[in-house]
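Below you'll find the structure, written out as structure tokens, and then a few comments.
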Amino acid sequence: AVGAMIGALKALGYYDNTMIWFTTDNGPEVNCAPEGRCGGSLHRPGCSGPGSAGVLRGRKRDVWEGGHRVPGIISWPAVAKGPARESWHPVVTMDFMATVMEVLGMGRPASQQDWAFDGVSVLPILRGEEPADRGIGWMYMKPDADTHYGYAYRYKNWKLAAGGVSCDAEKASFNCSKPQLYDMSNDIAEDHDLAEAKPDVLAAILANF
């Protein structure tokens, strides 16, 4: 279906100036207590759910990376020029609207200026530029710091995570309900909690959550 759509865009002469986003909204189904690891092999986890989160901890609904870190492809030859490239800057589906609004040169009407708006335009990434630093938060089910459902916050390379659907602190090998701190630049698997080693970083993130 995707190939047919792209073929039609090329045949009609619209492909180069059409922005195409291809991604998914969350990690694979079925959670794995007590600490987000399902066992099994890398591509065939030991759970009943389909799909694999690879090396990532957690799955759909978890605030660990396996719950929401998914690949995404954006094509727009007129703007994202040159050979294909990778970007490790975090992008969320909330950014779709902000990006399209900037492309169209549109702003929000006056009646909506005080509405919350979490997305940011990813045009700098598409142009190959360095985007501004941003913070991204995750919560499941409840809009507060609830460790039963979990909450997390990412700023630059640092990520705070606490609790979650797959967390059973009484059975896990660590207290997964306590705030954990991970360095996403070298630990996307969330194996090494740096909360005790970097208390100042943890405190700063908690203060801005």
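Every chain in the structure tokens takes a letter, A first, then B, and so on in the order presented; its residues are numbered from 1, and the ligands are numbered from 1 following the presented order.
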All residues 9 Å or closer to Met97 of chain A, only C-alpha atoms, same chain fewer than 5 positions away omitted, as a ChimeraX atom specification: /A:102,119-121
Picked from chain A by DSSP as strand (DSSP E), as a list of chain:residue names: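 Of chain A, the ones in strand (DSSP E) are A:Ile20, A:Trp21, A:Phe22, A:Ile73, A:Ile74, A:Ser75, A:Gly135, A:Ile136, A:Gly137, A:Trp138, A:Met139, A:Tyr151, A:Ala152, A:Tyr153, A:Arg154, A:Tyr155, A:Trp158, A:Lys159, A:Leu160, A:Ala161, A:Ala162, A:Gln180, A:Leu181, A:Tyr182, A:Asp183.
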Convert the current residue selection to file output with N, CA and C atoms, as an mmCIF file, in the first residue's frame.
data_model
loop_
_atom_site.group_PDB
_atom_site.id
_atom_site.type_symbol
_atom_site.label_atom_id
_atom_site.label_comp_id
_atom_site.auth_asym_id
_atom_site.auth_seq_id
_atom_site.Cartn_x
_atom_site.Cartn_y
_atom_site.Cartn_z
ATOM 1 N N ILE A 20 5.899 12.784 3.897
ATOM 2 C CA ILE A 20 5.353 11.488 4.268
ATOM 3 C C ILE A 20 5.933 11.069 5.609
ATOM 4 N N TRP A 21 5.078 10.731 6.557
ATOM 5 C CA TRP A 21 5.491 10.225 7.868
ATOM 6 C C TRP A 21 5.084 8.751 7.954
ATOM 7 N N PHE A 22 5.987 7.907 8.397
ATOM 8 C CA PHE A 22 5.688 6.482 8.547
ATOM 9 C C PHE A 22 6.228 6.033 9.901
ATOM 10 N N ILE A 73 10.063 7.072 9.919
ATOM 11 C CA ILE A 73 10.659 7.499 8.651
ATOM 12 C C ILE A 73 9.893 8.723 8.160
ATOM 13 N N ILE A 74 10.625 9.762 7.815
ATOM 14 C CA ILE A 74 10.014 10.950 7.218
ATOM 15 C C ILE A 74 10.675 11.196 5.872
ATOM 16 N N SER A 75 9.851 11.322 4.850
ATOM 17 C CA SER A 75 10.341 11.602 3.501
ATOM 18 C C SER A 75 9.748 12.912 3.013
ATOM 19 N N GLY A 135 12.129 19.096 26.496
ATOM 20 C CA GLY A 135 11.763 18.075 27.456
ATOM 21 C C GLY A 135 10.513 17.355 26.980
ATOM 22 N N ILE A 136 10.440 16.051 27.218
ATOM 23 C CA ILE A 136 9.268 15.257 26.838
ATOM 24 C C ILE A 136 8.861 14.406 28.034
ATOM 25 N N GLY A 137 7.593 14.433 28.380
ATOM 26 C CA GLY A 137 7.103 13.653 29.505
ATOM 27 C C GLY A 137 6.163 12.544 29.057
ATOM 28 N N TRP A 138 6.121 11.454 29.853
ATOM 29 C CA TRP A 138 5.216 10.339 29.582
ATOM 30 C C TRP A 138 4.461 9.990 30.853
ATOM 31 N N MET A 139 3.173 9.791 30.705
ATOM 32 C CA MET A 139 2.346 9.282 31.794
ATOM 33 C C MET A 139 1.327 8.342 31.177
ATOM 34 N N TYR A 151 5.455 7.043 35.317
ATOM 35 C CA TYR A 151 5.698 8.349 34.705
ATOM 36 C C TYR A 151 7.176 8.457 34.348
ATOM 37 N N ALA A 152 7.467 9.282 33.365
ATOM 38 C CA ALA A 152 8.851 9.436 32.900
ATOM 39 C C ALA A 152 9.030 10.817 32.293
ATOM 40 N N TYR A 153 10.277 11.244 32.219
ATOM 41 C CA TYR A 153 10.588 12.544 31.629
ATOM 42 C C TYR A 153 11.971 12.472 30.990
ATOM 43 N N ARG A 154 12.084 12.996 29.788
ATOM 44 C CA ARG A 154 13.351 12.996 29.048
ATOM 45 C C ARG A 154 13.782 14.433 28.784
ATOM 46 N N TYR A 155 15.053 14.730 29.112
ATOM 47 C CA TYR A 155 15.634 16.027 28.755
ATOM 48 C C TYR A 155 17.080 15.805 28.323
ATOM 49 N N TRP A 158 19.258 12.696 29.330
ATOM 50 C CA TRP A 158 18.834 12.129 30.611
ATOM 51 C C TRP A 158 17.355 11.748 30.601
ATOM 52 N N LYS A 159 17.055 10.615 31.207
ATOM 53 C CA LYS A 159 15.668 10.180 31.318
ATOM 54 C C LYS A 159 15.355 9.725 32.733
ATOM 55 N N LEU A 160 14.285 10.268 33.267
ATOM 56 C CA LEU A 160 13.715 9.852 34.549
ATOM 57 C C LEU A 160 12.622 8.834 34.258
ATOM 58 N N ALA A 161 12.556 7.759 35.030
ATOM 59 C CA ALA A 161 11.464 6.789 34.916
ATOM 60 C C ALA A 161 11.130 6.277 36.303
ATOM 61 N N ALA A 162 9.839 6.091 36.561
ATOM 62 C CA ALA A 162 9.408 5.584 37.871
ATOM 63 C C ALA A 162 8.141 4.762 37.708
ATOM 64 N N GLN A 180 14.170 6.428 38.745
ATOM 65 C CA GLN A 180 15.418 5.948 38.171
ATOM 66 C C GLN A 180 15.938 6.994 37.190
ATOM 67 N N LEU A 181 17.234 6.984 36.943
ATOM 68 C CA LEU A 181 17.854 7.931 36.024
ATOM 69 C C LEU A 181 18.730 7.168 35.038
ATOM 70 N N TYR A 182 18.487 7.379 33.755
ATOM 71 C CA TYR A 182 19.242 6.677 32.727
ATOM 72 C C TYR A 182 19.859 7.673 31.747
ATOM 73 N N ASP A 183 21.022 7.307 31.233
ATOM 74 C CA ASP A 183 21.709 8.122 30.234
ATOM 75 C C ASP A 183 21.402 7.528 28.863
#
Polymer residues at most 9 Å from Thr93 of chain A, only C-alpha atoms, same-chain spacing of 6 or more positions, as a PyMOL selection string: chain A and resi 23-25+119
Could you write those residues out with N, CA, C and O atoms, as a compact mmCIF listing (two decimals), in the first residue's frame?
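Okay, out.txt is ready:
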# COMPACT_ATOMS: atom_id res chain seq x y z
N THR A 23 5.31 5.71 10.81
CA THR A 23 5.75 5.30 12.15
C THR A 23 4.62 4.54 12.83
O THR A 23 3.62 4.20 12.20
N THR A 24 4.78 4.24 14.09
CA THR A 24 3.72 3.63 14.89
C THR A 24 3.65 4.35 16.22
O THR A 24 4.48 5.22 16.50
N ASP A 25 2.66 4.03 17.03
CA ASP A 25 2.41 4.86 18.21
C ASP A 25 2.99 4.30 19.50
O ASP A 25 3.07 5.01 20.50
N GLY A 119 3.56 19.79 21.29
CA GLY A 119 4.39 19.45 20.14
C GLY A 119 5.30 20.58 19.70
O GLY A 119 5.03 21.76 19.96
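With atom CA of Glu170 of chain A on one side and atom CA of His148 of chain A on the other, the separation reads 12.7 Å.
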All alpha helix (DSSP H) positions in chain A, as a PyMOL selection string: chain A and resi 2-12+95-104+123-126+199-208
